[in-house]
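Data block for work.cif (mmCIF, C-alpha atoms):
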data_entry
loop_
_atom_site.label_atom_id
_atom_site.label_comp_id
_atom_site.auth_asym_id
_atom_site.auth_seq_id
_atom_site.Cartn_x
_atom_site.Cartn_y
_atom_site.Cartn_z
CA MET A 1 -27.24 -9.47 -5.23
CA LYS A 2 -30.51 -9.32 -3.31
CA ASN A 3 -30.56 -7.77 0.13
CA ILE A 4 -32.02 -9.68 3.06
CA GLY A 5 -34.35 -7.37 4.97
CA SER A 6 -34.89 -3.76 4.00
CA ILE A 7 -32.11 -1.22 4.52
CA PRO A 8 -28.88 -1.44 6.55
CA ILE A 9 -29.64 1.69 8.61
CA HIS A 10 -32.76 2.80 10.50
CA ALA A 11 -33.64 6.18 11.98
CA VAL A 12 -34.99 5.81 15.52
CA THR A 13 -35.95 8.15 18.34
CA ALA A 14 -33.92 8.20 21.55
CA LEU A 15 -33.81 10.46 24.60
CA ASP A 16 -30.71 12.55 25.29
CA LYS A 17 -29.31 13.25 28.78
CA SER A 18 -31.87 16.01 29.24
CA GLY A 19 -34.74 13.72 28.39
CA GLN A 20 -35.32 15.39 25.04
CA PRO A 21 -36.14 13.25 21.99
CA CYS A 22 -33.54 13.07 19.24
CA THR A 23 -33.17 11.12 16.00
CA VAL A 24 -30.39 8.55 15.91
CA LEU A 25 -29.26 6.26 13.08
CA VAL A 26 -28.72 2.62 14.09
CA ALA A 27 -27.45 -0.40 12.17
CA ASN A 28 -29.98 -2.99 11.05
CA GLU A 29 -29.80 -6.68 11.95
CA ASN A 30 -31.50 -9.52 10.10
CA PRO A 31 -31.43 -13.32 10.39
CA LEU A 32 -30.10 -15.19 7.37
CA THR A 33 -30.68 -18.94 7.56
CA VAL A 34 -28.35 -20.98 5.37
CA PHE A 35 -29.45 -24.34 3.98
CA MET A 36 -27.09 -26.70 2.22
CA ASP A 37 -28.46 -29.64 0.24
CA ASN A 38 -31.76 -29.24 2.12
CA HIS A 39 -30.09 -29.33 5.54
CA LYS A 40 -30.21 -26.31 7.82
CA ILE A 41 -26.65 -25.24 8.59
CA VAL A 42 -26.80 -21.99 10.54
CA THR A 43 -28.68 -18.74 11.10
CA LEU A 44 -26.40 -15.71 10.84
CA MET A 45 -27.37 -12.30 12.20
CA THR A 46 -26.28 -9.83 9.55
CA LEU A 47 -26.88 -6.47 7.88
CA GLY A 48 -28.03 -8.54 4.92
CA THR A 49 -26.28 -6.54 2.21
CA TYR A 50 -24.30 -9.47 0.72
CA PRO A 51 -26.33 -12.60 1.55
CA GLU A 52 -25.01 -14.73 -1.29
CA ALA A 53 -21.35 -13.93 -0.61
CA LEU A 54 -21.84 -14.34 3.15
CA ALA A 55 -23.42 -17.79 2.78
CA ILE A 56 -20.77 -18.99 0.33
CA GLY A 57 -17.95 -17.58 2.45
CA TYR A 58 -19.33 -19.16 5.61
CA LEU A 59 -19.54 -22.59 3.97
CA ARG A 60 -16.06 -22.09 2.52
CA ASN A 61 -14.48 -21.10 5.83
CA GLN A 62 -16.23 -23.91 7.66
CA LYS A 63 -14.70 -26.32 5.12
CA LEU A 64 -18.16 -27.57 4.17
CA VAL A 65 -17.47 -26.67 0.54
CA GLU A 66 -13.94 -27.27 -0.72
CA THR A 67 -14.11 -25.57 -4.14
CA TRP A 68 -16.31 -23.07 -5.93
CA GLN A 69 -16.98 -25.66 -8.65
CA THR A 70 -18.72 -27.87 -6.06
CA ILE A 71 -21.65 -25.42 -5.83
CA LYS A 72 -24.41 -26.17 -8.36
CA SER A 73 -26.98 -23.52 -7.47
CA ILE A 74 -27.82 -20.76 -4.98
CA HIS A 75 -31.30 -19.48 -4.28
CA ILE A 76 -32.15 -16.50 -2.05
CA ASN A 77 -35.63 -16.12 -0.57
CA THR A 78 -35.94 -12.56 0.69
CA GLU A 79 -39.40 -13.13 2.17
CA ASN A 80 -38.41 -15.79 4.69
CA GLU A 81 -34.76 -14.66 4.86
CA THR A 82 -33.20 -17.92 3.75
CA ILE A 83 -30.58 -18.96 1.25
CA GLU A 84 -30.37 -22.46 -0.24
CA VAL A 85 -27.09 -23.82 -1.57
CA HIS A 86 -27.01 -27.05 -3.55
CA THR A 87 -23.77 -28.87 -4.24
CA ALA A 88 -22.60 -31.54 -6.67
CA GLN A 89 -21.70 -33.84 -3.81
CA ALA A 90 -23.77 -33.57 -0.64
CA VAL A 91 -21.74 -32.95 2.50
CA GLU A 92 -21.68 -35.60 5.21
CA PRO A 93 -24.56 -35.04 7.68
CA ASN A 94 -22.26 -35.33 10.71
CA LYS A 95 -20.43 -32.20 9.56
CA MET A 96 -23.60 -30.15 9.78
CA ALA A 97 -24.35 -28.57 13.12
CA PRO A 98 -27.44 -26.33 12.93
CA GLY A 99 -27.39 -23.34 15.22
CA MET A 100 -27.47 -19.58 15.41
CA ILE A 101 -24.43 -17.35 15.22
CA LYS A 102 -25.29 -14.28 17.25
CA THR A 103 -24.33 -10.74 16.37
CA GLY A 104 -21.41 -10.83 18.82
CA CYS A 105 -17.90 -11.32 17.51
CA GLY A 106 -17.30 -14.83 18.84
CA GLN A 107 -17.76 -17.69 16.40
CA GLY A 108 -16.40 -21.21 16.46
CA ILE A 109 -14.77 -22.55 13.30
CA SER A 110 -13.67 -25.98 12.19
CA PHE A 111 -9.99 -25.32 11.44
CA ASN A 112 -7.45 -27.60 13.05
CA ILE A 113 -4.53 -25.69 14.54
CA HIS A 114 -2.25 -28.68 13.88
CA GLN A 115 -2.81 -28.37 10.12
CA LEU A 116 -1.43 -24.86 9.94
CA PRO A 117 2.28 -25.70 9.52
CA ASN A 118 1.32 -27.21 6.12
CA ILE A 119 0.28 -23.75 4.92
CA GLU A 120 3.07 -21.73 3.33
CA LEU A 121 1.96 -18.29 2.23
CA PRO A 122 3.70 -16.62 -0.71
CA PRO A 123 5.94 -13.61 0.04
CA LEU A 124 4.41 -10.20 -0.66
CA GLU A 125 6.03 -6.83 0.03
CA ILE A 126 4.23 -3.94 1.69
CA SER A 127 5.62 -0.48 2.37
CA GLN A 128 4.89 2.24 4.88
CA THR A 129 3.59 4.42 2.07
CA LEU A 130 1.14 1.75 0.94
CA ILE A 131 -0.10 1.20 4.51
CA TYR A 132 -0.75 4.93 4.95
CA THR A 133 -2.49 5.13 1.56
CA LEU A 134 -4.73 2.16 2.35
CA LEU A 135 -5.64 3.45 5.81
CA GLU A 136 -6.63 6.82 4.40
CA THR A 137 -8.67 5.28 1.58
CA LEU A 138 -10.35 2.69 3.81
CA THR A 139 -11.40 5.32 6.35
CA GLN A 140 -13.42 6.97 3.60
CA GLN A 141 -15.26 3.70 2.90
CA ASN A 142 -16.86 3.31 6.34
CA GLU A 143 -20.26 4.68 5.30
CA ILE A 144 -22.45 2.70 7.70
CA HIS A 145 -19.99 3.08 10.59
CA ARG A 146 -19.89 6.85 10.11
CA GLN A 147 -23.68 7.08 10.19
CA ALA A 148 -24.64 4.49 12.77
CA GLY A 149 -21.59 2.75 14.23
CA SER A 150 -21.99 -0.78 15.63
CA VAL A 151 -20.42 -2.53 12.63
CA HIS A 152 -17.09 -4.10 11.66
CA SER A 153 -15.41 -3.60 8.31
CA CYS A 154 -13.22 -5.81 6.15
CA ALA A 155 -11.56 -5.12 2.82
CA LEU A 156 -9.68 -7.02 0.16
CA CYS A 157 -6.91 -4.93 -1.35
CA GLN A 158 -4.56 -5.37 -4.28
CA ALA A 159 -1.76 -2.85 -3.83
CA GLU A 160 -3.58 0.49 -3.32
CA ASN A 161 -6.78 -0.73 -4.99
CA ILE A 162 -9.78 -1.73 -2.85
CA LEU A 163 -11.37 -4.71 -4.59
CA ALA A 164 -14.09 -5.27 -1.99
CA PHE A 165 -15.24 -3.48 1.16
CA VAL A 166 -17.79 -5.04 3.50
CA GLU A 167 -19.45 -3.77 6.68
CA ASP A 168 -21.46 -6.09 8.92
CA VAL A 169 -22.62 -6.35 12.52
CA GLY A 170 -20.16 -9.18 13.21
CA ARG A 171 -16.50 -9.28 12.23
CA HIS A 172 -16.69 -12.95 11.22
CA ASN A 173 -19.60 -12.13 8.91
CA ALA A 174 -17.47 -9.49 7.20
CA VAL A 175 -14.53 -11.90 6.81
CA ASP A 176 -16.76 -14.66 5.45
CA THR A 177 -18.38 -12.26 3.00
CA ILE A 178 -14.98 -11.34 1.59
CA ALA A 179 -14.24 -15.06 1.25
CA GLY A 180 -17.47 -15.51 -0.71
CA LEU A 181 -16.76 -12.52 -2.94
CA MET A 182 -13.35 -13.99 -3.76
CA TRP A 183 -15.00 -17.14 -5.12
CA LEU A 184 -17.75 -15.21 -6.92
CA ASN A 185 -15.17 -12.98 -8.64
CA ASN A 186 -12.50 -15.66 -9.11
CA TRP A 187 -9.97 -13.69 -7.04
CA THR A 188 -6.94 -15.51 -5.68
CA GLY A 189 -5.12 -14.44 -2.52
CA GLU A 190 -1.40 -14.50 -3.23
CA ASP A 191 -1.12 -10.81 -4.22
CA LYS A 192 -3.78 -9.44 -1.86
CA ILE A 193 -3.86 -7.60 1.47
CA PHE A 194 -6.68 -8.25 3.94
CA TYR A 195 -7.86 -5.39 6.17
CA THR A 196 -10.15 -5.64 9.18
CA THR A 197 -11.30 -3.26 11.88
CA GLY A 198 -11.63 -6.23 14.25
CA ARG A 199 -8.99 -7.64 16.55
CA LEU A 200 -6.61 -10.25 15.18
CA THR A 201 -7.43 -13.51 16.91
CA SER A 202 -6.31 -17.00 15.92
CA GLU A 203 -9.63 -17.61 14.13
CA ILE A 204 -9.32 -14.51 11.96
CA VAL A 205 -5.69 -15.32 11.09
CA MET A 206 -6.63 -18.90 10.16
CA LYS A 207 -9.51 -17.77 7.95
CA VAL A 208 -7.31 -15.32 6.07
CA ALA A 209 -4.52 -17.89 5.80
CA HIS A 210 -6.85 -20.42 4.19
CA LEU A 211 -7.74 -17.76 1.63
CA GLY A 212 -4.06 -17.69 0.66
CA ILE A 213 -3.61 -14.03 1.63
CA PRO A 214 -0.10 -13.24 2.97
CA ILE A 215 -0.69 -9.84 4.60
CA LEU A 216 -3.23 -9.08 7.34
CA LEU A 217 -3.75 -5.50 8.50
CA SER A 218 -5.94 -4.47 11.45
CA ARG A 219 -7.03 -1.26 13.09
CA SER A 220 -7.44 -3.12 16.39
CA GLY A 221 -5.34 -5.26 18.72
CA ILE A 222 -3.90 -8.75 18.53
CA THR A 223 -3.55 -11.98 20.50
CA TYR A 224 -0.40 -13.97 21.19
CA LYS A 225 -1.80 -17.10 19.53
CA SER A 226 -2.38 -15.22 16.28
CA ILE A 227 1.27 -14.13 16.29
CA GLU A 228 2.41 -17.73 16.81
CA ILE A 229 0.30 -18.88 13.87
CA ALA A 230 1.56 -16.06 11.63
CA GLN A 231 5.15 -16.99 12.40
CA LYS A 232 4.53 -20.61 11.41
CA ILE A 233 2.84 -19.85 8.09
CA GLY A 234 4.76 -16.76 7.00
CA MET A 235 1.99 -14.20 7.28
CA THR A 236 2.81 -10.51 7.68
CA LEU A 237 0.80 -9.33 10.67
CA ILE A 238 0.19 -5.61 11.25
CA ALA A 239 -2.10 -4.31 14.02
CA HIS A 240 -3.02 -1.05 15.80
CA ALA A 241 -2.95 0.59 12.37
CA LYS A 242 -4.51 4.04 12.50
CA GLY A 243 -3.50 7.18 10.67
CA GLN A 244 0.31 7.28 10.60
CA ARG A 245 0.78 4.57 13.21
CA PHE A 246 1.03 0.79 13.08
CA LEU A 247 2.85 -2.10 14.76
CA VAL A 248 4.37 -5.04 12.87
CA PHE A 249 4.10 -8.28 14.86
CA ASN A 250 5.42 -10.59 12.14
CA GLY A 251 7.02 -10.04 8.75
CA GLU A 252 8.57 -6.85 7.38
CA VAL A 253 7.44 -3.48 6.11
CA LYS A 254 9.64 -1.66 3.60
CA SER A 255 11.16 1.71 4.53
CA MET A 256 10.95 1.06 8.26
CA PRO A 257 13.88 2.56 10.19
CA LYS A 258 16.40 0.02 11.42
#
Rewrite the structure from the file as structure tokens, please.
Amino acid sequence: MKNIGSIPIHAVTALDKSGQPCTVLVANENPLTVFMDNHKIVTLMTLGTYPEALAIGYLRNQKLVETWQTIKSIHINTENETIEVHTAQAVEPNKMAPGMIKTGCGQGISFNIHQLPNIELPPLEISQTLIYTLLETLTQQNEIHRQAGSVHSCALCQAENILAFVEDVGRHNAVDTIAGLMWLNNWTGEDKIFYTTGRLTSEIVMKVAHLGIPILLSRSGITYKSIEIAQKIGMTLIAHAKGQRFLVFNGEVKSMPK
């Protein structure tokens, strides 16, 4: 895949508390404008490391593209930082709302909360041992975060195996990129675990649910609405997961003391 922009990390000069210059690594940020069937959809601010997967995942999670087979072609232009997606059946113009998604974590999505009870996720077991193994392995993957900070991470896991690991300046970008990679690699969700460093909000839970993934694991906190949704659709929800600690807000974890 082609990168948008140059490199994900830049070395810059800053002044420390004594006024002395020092070299600091900072995360990059590039605009990626997504076109679909010659219509501008959105401009995403991103590291630019997985532009194709990010664009596909965004369109997938916005329900603008229903299946991978709908996409006829994808063209990335690294010079003007655009990506063009052409589909077999052009989407209705009234579903397209051009705009810019800023680097911040907030991002509106088109899911309808009232449709969620129709989703029934398959059961999938997870154990304490597997959680600890994943957390240790995933911590070693945070290359950009270790060097520069200012990014969120997401991962798609199958048992203890990390199938994909994505860092980006926005947590929704990272989630959407995983969604795109799942289509590009023909991965299904029923036997997968989704990990994120971001907080578990209703939007994140809904995105992961529509990917068919039954277990969602986060290093950060959680909202009450996300718990309500998880209870309705049968998603195992685990948050505040760091080191040897985690909290289960819905579902079960094997080997937990009664």
Tell me which residues the PyMOL selection byres ((chain A and resi 46) around 7) grabs here, as a PyMOL selection string. chain A and resi 29-32+44-45+47-48+168-169
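Using only C-alpha atoms for every distance, the candidate list A:Leu211, A:Leu138, A:Leu156, A:Ile9 yields A:Leu211 as the residue closest to Glu66 in chain A.
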Go through the shown structure with the PyMOL selection byres ((chain A and resi 182) around 10) and write out the matching residues as a list in words. Ala53, Ile56, Gly57, Trp68, Leu156, Leu163, Ala164, Asp176, Thr177, Ile178, Ala179, Gly180, Leu181, Trp183, Leu184, Asn185, Asn186, Trp187, Thr188, Gly189 and Leu211 of chain A
Could you tell me which residues the PyMOL selection byres ((chain A and resi 232) around 12) returns for this structure, as number ranges by chain? A: 113-121, 205-206, 209, 225-231, 233-237, 250-251
How would the residues just picked look written out with C-alpha atoms as a CSV table (one decimal), in the frame of the given file?
chain,number,residue,atom,x,y,z
A,113,ILE,CA,-4.5,-25.7,14.5
A,114,HIS,CA,-2.2,-28.7,13.9
A,115,GLN,CA,-2.8,-28.4,10.1
A,116,LEU,CA,-1.4,-24.9,9.9
A,117,PRO,CA,2.3,-25.7,9.5
A,118,ASN,CA,1.3,-27.2,6.1
A,119,ILE,CA,0.3,-23.8,4.9
A,120,GLU,CA,3.1,-21.7,3.3
A,121,LEU,CA,2.0,-18.3,2.2
A,205,VAL,CA,-5.7,-15.3,11.1
A,206,MET,CA,-6.6,-18.9,10.2
A,209,ALA,CA,-4.5,-17.9,5.8
A,225,LYS,CA,-1.8,-17.1,19.5
A,226,SER,CA,-2.4,-15.2,16.3
A,227,ILE,CA,1.3,-14.1,16.3
A,228,GLU,CA,2.4,-17.7,16.8
A,229,ILE,CA,0.3,-18.9,13.9
A,230,ALA,CA,1.6,-16.1,11.6
A,231,GLN,CA,5.2,-17.0,12.4
A,233,ILE,CA,2.8,-19.8,8.1
A,234,GLY,CA,4.8,-16.8,7.0
A,235,MET,CA,2.0,-14.2,7.3
A,236,THR,CA,2.8,-10.5,7.7
A,237,LEU,CA,0.8,-9.3,10.7
A,250,ASN,CA,5.4,-10.6,12.1
A,251,GLY,CA,7.0,-10.0,8.8
Of the candidates A:Leu64, A:Cys157, A:Val34, A:Leu247, which one gets nearest to Asn77 in chain A if we count only C-alpha atoms? A:Val34
Smallest atom-to-atom distance to Ala88 in chain A: which of A:Glu167, A:Thr49, A:Ile74, A:Gln69, using all atoms listed in the file? A:Gln69
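Here CA of Tyr132 in chain A stands at a distance of 9.3 Å from CA of Phe246 in chain A.
Shortest atom-to-atom contact with Gln62 in chain A among A:Arg171, A:Lys207, A:His10, A:Lys192: A:Lys207, counting only C-alpha atoms.
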Just the number, please: distance in Å from CA of Leu25 in chain A to CA of His172 in chain A, one decimal. 23.0 Å
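Among the candidates A:Ile76, A:Leu54, A:Ile7, A:Val26, the residue lying nearest to Val166 in chain A is A:Leu54 (atoms considered: all atoms listed in the file).
CA of Lys242 in chain A sits 22.3 Å away from CA of Glu203 in chain A.
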